[in-house]
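Worksheet for the structure shown next.
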Amino acid sequence: MRTYSLLAAALLTCAGAAGQSSSPPAKENPSTNHPASLLPEDSHEGLAVSADAYTEPARTKEKFGKANPLQVGILPVEVFLRNESLQPLRINTGTIQLSVNFPSGRHQDVDCIAASEVAAIVAHPNGPPSPKSRRFPVGIGSITDKKTDQMLEILGPLALDADIIPPKATIHGFLFFDLNGDMSLVRSASLYVPDITSVASNKALMFFEVALGK
């Protein structure tokens, strides 16, 4: 009877622990402090793509500080890629676009721009510094300056620059789109992700399209 009691108690303890682990708390979006499930999402073939467009000046300033891209008309979009499969996936972030539908009916695809380019625009919103102030001859690599480098130190770590999504893992980071300051276009825009393949089979996944408008 004593052995039976101990075994029963152990089984009840394991059952209680399993019950707790089967109902984890809702995942929080670390950058916005709200449930990630509230973000717009497109999901198929074992991958879920969700996006969070930063259109509010106060929120964007809090995230980027003095490197705020919104103040120069550039929209930052935080992209989450959740690989629910058992295989690694490869993504070409350079082909991701913002698909914009204008009120007039016109359609335009806006390419994302590199964090280094955003840094230069934020550092010099009125254009690059005068060639007279450059210390190196034109044509030797890409010329930067201290102010641009300071902006890139902030923007670089926040940008989405990974090309592999590990199995059962989520990667996230920001992509940047120049909307020339018209953030009202976000209401009729979608994030278009066309180039994701399985590393093992090199099979391409169907494109993903995430509507950003609320």
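Residues are named by chain letter and number: chains run A, B, ... in the order of the structure tokens, numbers start at 1 in each chain, and ligands are numbered from 1 in the order shown.
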May I have a table of the residues of range 104-204 of chain A lying at most 12 Å from range 39-49 of chain A, giving each one's closest pair of atoms and their distance in Å to one decimal, counting only C-alpha atoms, ordered by chain and ascending residue number, as JSON lines?
{"residue": "A:Ile165", "atom": "CA", "partner": "A:Leu47", "partner_atom": "CA", "distance": 9.5}
{"residue": "A:Pro166", "atom": "CA", "partner": "A:Leu47", "partner_atom": "CA", "distance": 11.0}
{"residue": "A:Pro167", "atom": "CA", "partner": "A:Gly46", "partner_atom": "CA", "distance": 9.7}
{"residue": "A:Lys168", "atom": "CA", "partner": "A:Gly46", "partner_atom": "CA", "distance": 9.4}
{"residue": "A:Ala169", "atom": "CA", "partner": "A:Leu47", "partner_atom": "CA", "distance": 10.0}
{"residue": "A:Thr170", "atom": "CA", "partner": "A:Ala48", "partner_atom": "CA", "distance": 9.2}
{"residue": "A:Ile171", "atom": "CA", "partner": "A:Val49", "partner_atom": "CA", "distance": 10.1}
{"residue": "A:His172", "atom": "CA", "partner": "A:Val49", "partner_atom": "CA", "distance": 9.7}
{"residue": "A:Gly173", "atom": "CA", "partner": "A:Val49", "partner_atom": "CA", "distance": 12.0}
{"residue": "A:Ala189", "atom": "CA", "partner": "A:Pro40", "partner_atom": "CA", "distance": 11.9}
{"residue": "A:Ser190", "atom": "CA", "partner": "A:Pro40", "partner_atom": "CA", "distance": 9.9}
{"residue": "A:Leu191", "atom": "CA", "partner": "A:Val49", "partner_atom": "CA", "distance": 9.5}
{"residue": "A:Tyr192", "atom": "CA", "partner": "A:Val49", "partner_atom": "CA", "distance": 10.1}
{"residue": "A:Val193", "atom": "CA", "partner": "A:Val49", "partner_atom": "CA", "distance": 8.6}
{"residue": "A:Pro194", "atom": "CA", "partner": "A:Val49", "partner_atom": "CA", "distance": 11.5}
{"residue": "A:Ile196", "atom": "CA", "partner": "A:Leu47", "partner_atom": "CA", "distance": 9.6}
{"residue": "A:Thr197", "atom": "CA", "partner": "A:Glu45", "partner_atom": "CA", "distance": 10.7}
{"residue": "A:Ser198", "atom": "CA", "partner": "A:Glu45", "partner_atom": "CA", "distance": 10.2}
{"residue": "A:Lys203", "atom": "CA", "partner": "A:Glu45", "partner_atom": "CA", "distance": 11.2}
{"residue": "A:Ala204", "atom": "CA", "partner": "A:Glu45", "partner_atom": "CA", "distance": 10.3}
Limited to C-alpha atoms, could you put the picked residues into a file as a compact mmCIF listing (two decimals), in the first residue's frame?
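Result file is again-v5.txt:
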# COMPACT_ATOMS: atom_id res chain seq x y z
CA ILE A 165 15.82 30.67 -40.24
CA PRO A 166 16.72 27.67 -38.03
CA PRO A 167 14.19 24.89 -37.40
CA LYS A 168 11.65 25.63 -34.66
CA ALA A 169 13.04 29.14 -34.25
CA THR A 170 12.03 32.75 -34.81
CA ILE A 171 14.19 35.53 -36.20
CA HIS A 172 13.16 39.18 -36.35
CA GLY A 173 14.48 42.59 -37.26
CA ALA A 189 0.17 48.45 -48.15
CA SER A 190 1.36 44.87 -47.83
CA LEU A 191 4.73 43.33 -47.06
CA TYR A 192 5.66 41.06 -49.97
CA VAL A 193 8.16 38.26 -49.22
CA PRO A 194 8.86 36.29 -52.42
CA ILE A 196 12.26 31.73 -49.27
CA THR A 197 13.58 28.22 -49.93
CA SER A 198 14.21 25.02 -48.01
CA LYS A 203 12.49 23.95 -52.92
CA ALA A 204 10.96 27.40 -53.08
> Among range 122-203 of chain A, which ones does DSSP place in helix (DSSP H, G or I), written as a list in words?
Replying inline: Val122, Ala123, Pro131, Lys132, Ser133, Lys146, Lys147, Thr148, Asp149, Gln150, Met151, Leu152, Glu153, Ile154, Leu155, Gly156, Pro157, Leu158, Met183, Ser184, Leu185, Val186, Arg187 and Ser188 of chain A
Can you write just those residues out, N, CA and C atoms, as a CSV table (one decimal), in the first residue's frame?
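Result file is out.csv:
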chain,number,residue,atom,x,y,z
A,122,VAL,N,19.5,59.7,-42.5
A,122,VAL,CA,19.2,60.3,-41.2
A,122,VAL,C,20.2,61.3,-40.7
A,123,ALA,N,21.5,60.9,-41.0
A,123,ALA,CA,22.6,61.8,-40.6
A,123,ALA,C,22.7,63.0,-41.4
A,131,PRO,N,31.7,67.7,-51.1
A,131,PRO,CA,32.9,66.9,-51.4
A,131,PRO,C,34.2,67.5,-50.9
A,132,LYS,N,34.2,68.8,-50.7
A,132,LYS,CA,35.4,69.5,-50.1
A,132,LYS,C,35.8,69.0,-48.8
A,133,SER,N,34.7,68.5,-48.0
A,133,SER,CA,35.0,68.0,-46.6
A,133,SER,C,35.5,66.6,-46.6
A,146,LYS,N,31.6,60.4,-39.6
A,146,LYS,CA,31.4,60.0,-38.2
A,146,LYS,C,29.9,60.0,-37.8
A,147,LYS,N,29.2,61.0,-38.3
A,147,LYS,CA,27.8,61.1,-38.0
A,147,LYS,C,27.0,59.9,-38.5
A,148,THR,N,27.3,59.5,-39.8
A,148,THR,CA,26.6,58.4,-40.4
A,148,THR,C,27.0,57.1,-39.6
A,149,ASP,N,28.2,57.0,-39.3
A,149,ASP,CA,28.6,55.8,-38.5
A,149,ASP,C,27.9,55.7,-37.2
A,150,GLN,N,27.7,56.8,-36.5
A,150,GLN,CA,26.9,56.8,-35.3
A,150,GLN,C,25.5,56.4,-35.4
A,151,MET,N,24.9,56.8,-36.6
A,151,MET,CA,23.5,56.4,-36.8
A,151,MET,C,23.5,54.9,-37.1
A,152,LEU,N,24.5,54.4,-37.8
A,152,LEU,CA,24.5,53.0,-38.2
A,152,LEU,C,24.8,52.1,-37.0
A,153,GLU,N,25.5,52.6,-36.0
A,153,GLU,CA,25.7,51.8,-34.8
A,153,GLU,C,24.3,51.6,-34.1
A,154,ILE,N,23.4,52.4,-34.3
A,154,ILE,CA,22.0,52.2,-33.7
A,154,ILE,C,21.2,51.3,-34.6
A,155,LEU,N,21.2,51.6,-35.9
A,155,LEU,CA,20.3,51.0,-36.8
A,155,LEU,C,20.7,49.5,-37.2
A,156,GLY,N,22.1,49.4,-37.3
A,156,GLY,CA,22.6,48.1,-37.7
A,156,GLY,C,22.1,46.9,-36.9
A,157,PRO,N,22.3,46.9,-35.5
A,157,PRO,CA,21.8,45.8,-34.7
A,157,PRO,C,20.3,45.5,-34.8
A,158,LEU,N,19.6,46.5,-35.1
A,158,LEU,CA,18.1,46.4,-35.2
A,158,LEU,C,17.6,45.8,-36.5
A,183,MET,N,3.0,58.4,-44.5
A,183,MET,CA,2.7,57.2,-43.8
A,183,MET,C,1.3,56.7,-43.9
A,184,SER,N,0.4,57.5,-44.5
A,184,SER,CA,-1.0,57.1,-44.7
A,184,SER,C,-1.1,56.0,-45.7
A,185,LEU,N,0.0,55.8,-46.5
A,185,LEU,CA,0.0,54.7,-47.5
A,185,LEU,C,0.1,53.3,-46.9
A,186,VAL,N,0.5,53.3,-45.6
A,186,VAL,CA,0.6,52.0,-44.9
A,186,VAL,C,-0.7,51.3,-44.8
A,187,ARG,N,-1.8,52.1,-44.7
A,187,ARG,CA,-3.1,51.5,-44.6
A,187,ARG,C,-3.5,50.6,-45.7
A,188,SER,N,-2.9,50.9,-46.9
A,188,SER,CA,-3.3,50.1,-48.1
A,188,SER,C,-2.0,49.4,-48.6
> Near Ile164 in chain A, counting only C-alpha atoms, which residues have an atom at most 8 Å away, once you skip same-chain residues fewer than 2 positions from it, shown as a PyMOL selection string?
Replying inline: chain A and resi 88-91+162+166
Please produce a file of the residues just selected, as a short mmCIF file (atom, residue, chain, number, x, y, z; two decimals), in the first residue's frame, where the atoms kept are N, CA and C atoms.
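Written out: selection24.cif:
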data_model
loop_
_atom_site.label_atom_id
_atom_site.label_comp_id
_atom_site.auth_asym_id
_atom_site.auth_seq_id
_atom_site.Cartn_x
_atom_site.Cartn_y
_atom_site.Cartn_z
N PRO A 88 15.81 23.85 -41.82
CA PRO A 88 16.19 25.27 -41.92
C PRO A 88 15.70 25.86 -43.24
N LEU A 89 15.38 27.14 -43.21
CA LEU A 89 14.90 27.84 -44.39
C LEU A 89 15.85 29.00 -44.71
N ARG A 90 16.00 29.29 -45.99
CA ARG A 90 16.86 30.40 -46.42
C ARG A 90 15.98 31.52 -46.97
N ILE A 91 16.26 32.75 -46.57
CA ILE A 91 15.50 33.90 -47.02
C ILE A 91 16.42 34.93 -47.65
N ALA A 162 19.74 38.48 -41.23
CA ALA A 162 20.00 37.04 -41.27
C ALA A 162 19.47 36.45 -42.56
N PRO A 166 16.53 29.03 -38.54
CA PRO A 166 16.72 27.67 -38.03
C PRO A 166 15.39 26.97 -37.77
#
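Of the residues under consideration (A:Gln97, A:Ser201, A:Thr60, A:Ser50), A:Ser50 shows the shortest atom-to-atom contact distance to Val79 in chain A when counting only C-alpha atoms.
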>> Quick check, in Å to one decimal: how far apart do CA of His124 in chain A and CA of Pro57 in chain A lie?
In response: 19.1 Å
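Distances from A:Leu75, A:Lys66, A:Phe207, A:Val199 to Tyr54 in chain A were compared using only C-alpha atoms, and the smallest one belongs to A:Leu75.
Note that CA of Phe177 in chain A and CA of Cys112 in chain A are 4.9 Å apart.
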>> What's around Ile74 in chain A at 7 Å? Count only C-alpha atoms, leave out sequence neighbours fewer than 6 positions away in its own chain, and write the answer as a PyMOL selection string.
In response: chain A and resi 176-181
Save out the residues we just selected, N, CA and C atoms, as a PDB file, in the first residue's frame.
ATOM      1  N   PHE A 176      13.484  48.641 -43.931  1.00  0.00           N
ATOM      2  CA  PHE A 176      13.193  50.066 -44.078  1.00  0.00           C
ATOM      3  C   PHE A 176      12.731  50.378 -45.499  1.00  0.00           C
ATOM      4  N   PHE A 177      11.668  51.195 -45.592  1.00  0.00           N
ATOM      5  CA  PHE A 177      11.084  51.541 -46.884  1.00  0.00           C
ATOM      6  C   PHE A 177      10.877  53.056 -46.960  1.00  0.00           C
ATOM      7  N   ASP A 178      11.356  53.651 -48.041  1.00  0.00           N
ATOM      8  CA  ASP A 178      11.235  55.095 -48.213  1.00  0.00           C
ATOM      9  C   ASP A 178       9.862  55.416 -48.809  1.00  0.00           C
ATOM     10  N   LEU A 179       8.982  55.991 -47.986  1.00  0.00           N
ATOM     11  CA  LEU A 179       7.646  56.390 -48.430  1.00  0.00           C
ATOM     12  C   LEU A 179       7.543  57.902 -48.619  1.00  0.00           C
ATOM     13  N   ASN A 180       8.669  58.567 -48.614  1.00  0.00           N
ATOM     14  CA  ASN A 180       8.698  60.012 -48.810  1.00  0.00           C
ATOM     15  C   ASN A 180       7.798  60.736 -47.804  1.00  0.00           C
ATOM     16  N   GLY A 181       7.705  60.171 -46.618  1.00  0.00           N
ATOM     17  CA  GLY A 181       6.970  60.818 -45.531  1.00  0.00           C
ATOM     18  C   GLY A 181       5.478  60.571 -45.499  1.00  0.00           C
TER      19      GLY A 181
END
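The space separating CA of Val77 in chain A from CA of Ala51 in chain A comes to 6.5 Å.
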